[in-house]
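See below for the structure under consideration.
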Amino acid sequence: MEYEIRGGAFPIVICTLHEGETIKNETGAMSFMTSGMKMETNTGGGLLKGLGRALSGDSLFLNFFTAESGTQQIGFSAHSPGKIIPFKLDGTNTIIGQKNAFLAAEDSVEIEIYFKNKLGTGIFGGEGFILQKFSGEGLVFLEIDGEVIEHDLQEGETLLLDPGHLAAMEETVGYEIERVKGAKNILFGEGLFFAKIQGPGKVWIQTMPISKLAEAIIPFIPTSTG
């Protein structure tokens, strides 16, 4: 399979599949495909896997697109302004992504829910508690909100992030959700929780999570006066 990413701030990945090759995506991301593509929709491995993806923010069902003959093309568009980042998995490396990050992947890529910390922290912590794990072999495409900063953490190096800004990381990176300490910090600071990440490994930080973009837009949306 070959691919090309176009579109600048409103990106689309165009994948070229040869006969018999299959790519899967979450429902709603496909923008176009050539007539020789066959589509099938299912839970991608049973009801439990589908429910796990739904819990992590994606859809219950996946679409599977297979090139039936010759060379076929299909395009997947990001849901918000940002970037589409390709990750090549070789069976030894694993990527952990923020919920809603998954866009599309080759059929050989495994997608699983990835929990961190206690359930109580997740209920009140919002973004960052439930993540997605991508493993196996093949290409996976993740969508990043806004611009992306790639940071290579050394052994023992630590960063504190707003959980919503953590887009993806290698599985070697340690990850915890921590409560902010101090009443004034909670009331007037940056929120209730930080994501604490520790090297070694790469992390991808997104500059404008979709939740913050929505917060910025809401004051400008007209409301009914009657």
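By order of appearance in the structure tokens: chains A, B, ..., then residues from 1 within every chain, and ligands from 1 in the order shown.
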_Applying 9 Å and only C-alpha atoms, which residues near Asn25 (chain A) remain after dropping the ones on its own chain fewer than 5 positions away? List them as a PyMOL selection string._
chain A and resi 30+62-65+76+102-106
How would the residues just picked look written out with C-alpha atoms as a compact mmCIF listing (two decimals), in the first residue's frame?
```txt
# COMPACT_ATOMS: atom_id res chain seq x y z
CA MET A 30 -13.98 8.07 4.39
CA LEU A 62 -15.25 -0.35 11.71
CA ASN A 63 -15.38 -0.13 7.93
CA PHE A 64 -13.14 -2.50 5.96
CA PHE A 65 -12.23 -1.52 2.40
CA PHE A 76 -9.75 9.52 4.69
CA PHE A 102 -7.56 6.79 15.20
CA LEU A 103 -8.29 7.58 11.55
CA ALA A 104 -7.38 4.48 9.51
CA ALA A 105 -5.01 1.50 9.48
CA GLU A 106 -4.01 -1.52 7.48
```
*Which residue out of A:Pro11, A:Gly136, A:Pro86, A:Gly28 has the minimum interatomic distance to Ala168 (chain A) when only C-alpha atoms are used?*
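Looking at the shortest contact to Ala168 (chain A), the residue is A:Pro86.
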*Mind pulling up the distance from CA of Gly146 (chain A) to CA of Glu170 (chain A)?*
20.1 Å
Set the distance at 10 Å and use only C-alpha atoms: which residues neighbour Thr207 (chain A) once local chain neighbours fewer than 2 positions away are removed? I'd like the list as a PDB file with N, CA, C and O atoms, in the first residue's frame.
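Printed below is result.pdb as written:
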```pdb
ATOM      1  N   GLY A  82      -5.867  20.190  11.659  1.00  0.00           N
ATOM      2  CA  GLY A  82      -4.721  19.597  12.338  1.00  0.00           C
ATOM      3  C   GLY A  82      -3.788  18.886  11.388  1.00  0.00           C
ATOM      4  O   GLY A  82      -3.547  19.334  10.266  1.00  0.00           O
ATOM      5  N   ILE A 144      -4.161  14.458  14.535  1.00  0.00           N
ATOM      6  CA  ILE A 144      -3.673  15.303  15.617  1.00  0.00           C
ATOM      7  C   ILE A 144      -4.371  16.651  15.511  1.00  0.00           C
ATOM      8  O   ILE A 144      -4.446  17.230  14.431  1.00  0.00           O
ATOM      9  N   ASP A 145      -4.877  17.166  16.627  1.00  0.00           N
ATOM     10  CA  ASP A 145      -5.582  18.447  16.623  1.00  0.00           C
ATOM     11  C   ASP A 145      -4.583  19.603  16.664  1.00  0.00           C
ATOM     12  O   ASP A 145      -3.744  19.680  17.569  1.00  0.00           O
ATOM     13  N   GLY A 146      -4.680  20.512  15.707  1.00  0.00           N
ATOM     14  CA  GLY A 146      -3.762  21.645  15.653  1.00  0.00           C
ATOM     15  C   GLY A 146      -2.410  21.222  15.097  1.00  0.00           C
ATOM     16  O   GLY A 146      -2.306  20.326  14.268  1.00  0.00           O
ATOM     17  N   GLU A 147      -1.364  21.871  15.553  1.00  0.00           N
ATOM     18  CA  GLU A 147       0.001  21.503  15.176  1.00  0.00           C
ATOM     19  C   GLU A 147       0.505  20.401  16.112  1.00  0.00           C
ATOM     20  O   GLU A 147      -0.099  20.116  17.147  1.00  0.00           O
ATOM     21  N   VAL A 148       1.631  19.791  15.740  1.00  0.00           N
ATOM     22  CA  VAL A 148       2.181  18.699  16.550  1.00  0.00           C
ATOM     23  C   VAL A 148       3.636  18.992  16.895  1.00  0.00           C
ATOM     24  O   VAL A 148       4.392  19.520  16.079  1.00  0.00           O
ATOM     25  N   ILE A 149       3.979  18.698  18.133  1.00  0.00           N
ATOM     26  CA  ILE A 149       5.358  18.825  18.616  1.00  0.00           C
ATOM     27  C   ILE A 149       5.840  17.430  18.990  1.00  0.00           C
ATOM     28  O   ILE A 149       5.226  16.753  19.820  1.00  0.00           O
ATOM     29  N   GLY A 164      -5.330  16.538  27.663  1.00  0.00           N
ATOM     30  CA  GLY A 164      -5.853  16.648  26.314  1.00  0.00           C
ATOM     31  C   GLY A 164      -4.799  16.967  25.269  1.00  0.00           C
ATOM     32  O   GLY A 164      -5.035  16.786  24.073  1.00  0.00           O
ATOM     33  N   HIS A 165      -3.633  17.433  25.690  1.00  0.00           N
ATOM     34  CA  HIS A 165      -2.580  17.795  24.739  1.00  0.00           C
ATOM     35  C   HIS A 165      -1.672  16.623  24.381  1.00  0.00           C
ATOM     36  O   HIS A 165      -0.848  16.737  23.477  1.00  0.00           O
ATOM     37  N   LEU A 166      -1.799  15.508  25.089  1.00  0.00           N
ATOM     38  CA  LEU A 166      -1.013  14.332  24.752  1.00  0.00           C
ATOM     39  C   LEU A 166      -1.702  13.597  23.607  1.00  0.00           C
ATOM     40  O   LEU A 166      -2.745  12.973  23.781  1.00  0.00           O
ATOM     41  N   ALA A 167      -1.111  13.656  22.417  1.00  0.00           N
ATOM     42  CA  ALA A 167      -1.724  13.042  21.240  1.00  0.00           C
ATOM     43  C   ALA A 167      -1.353  11.576  21.110  1.00  0.00           C
ATOM     44  O   ALA A 167      -2.209  10.737  20.850  1.00  0.00           O
ATOM     45  N   TRP A 204       4.113  12.710  21.161  1.00  0.00           N
ATOM     46  CA  TRP A 204       3.607  13.670  20.187  1.00  0.00           C
ATOM     47  C   TRP A 204       2.564  14.525  20.894  1.00  0.00           C
ATOM     48  O   TRP A 204       1.548  14.012  21.387  1.00  0.00           O
ATOM     49  N   ILE A 205       2.813  15.832  20.969  1.00  0.00           N
ATOM     50  CA  ILE A 205       1.967  16.769  21.704  1.00  0.00           C
ATOM     51  C   ILE A 205       1.169  17.596  20.702  1.00  0.00           C
ATOM     52  O   ILE A 205       1.737  18.157  19.761  1.00  0.00           O
ATOM     53  N   PRO A 209      -6.335  20.748  21.262  1.00  0.00           N
ATOM     54  CA  PRO A 209      -7.320  19.658  21.367  1.00  0.00           C
ATOM     55  C   PRO A 209      -8.700  20.147  20.929  1.00  0.00           C
ATOM     56  O   PRO A 209      -9.062  21.302  21.155  1.00  0.00           O
ATOM     57  N   ILE A 210      -9.472  19.266  20.311  1.00  0.00           N
ATOM     58  CA  ILE A 210     -10.771  19.654  19.783  1.00  0.00           C
ATOM     59  C   ILE A 210     -11.685  20.200  20.874  1.00  0.00           C
ATOM     60  O   ILE A 210     -12.507  21.080  20.630  1.00  0.00           O
ATOM     61  N   LYS A 212     -10.805  22.092  23.399  1.00  0.00           N
ATOM     62  CA  LYS A 212     -10.465  23.496  23.631  1.00  0.00           C
ATOM     63  C   LYS A 212     -10.873  24.369  22.449  1.00  0.00           C
ATOM     64  O   LYS A 212     -11.246  25.528  22.634  1.00  0.00           O
TER      65      LYS A 212
END
```
*Can you tell me how far CA of Gly174 (chain A) sits from CA of Gln198 (chain A), in Å to one decimal?*
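The value is 4.8 Å.
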_So, with only C-alpha atoms as the atoms that count, which of A:Ala101, A:Ala9, A:Val173, A:Ile113 lies closest to Leu142 (chain A)?_
A:Ala101
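With CA of Val13 (chain A) on one side and CA of Ile217 (chain A) on the other, the separation reads 26.6 Å.
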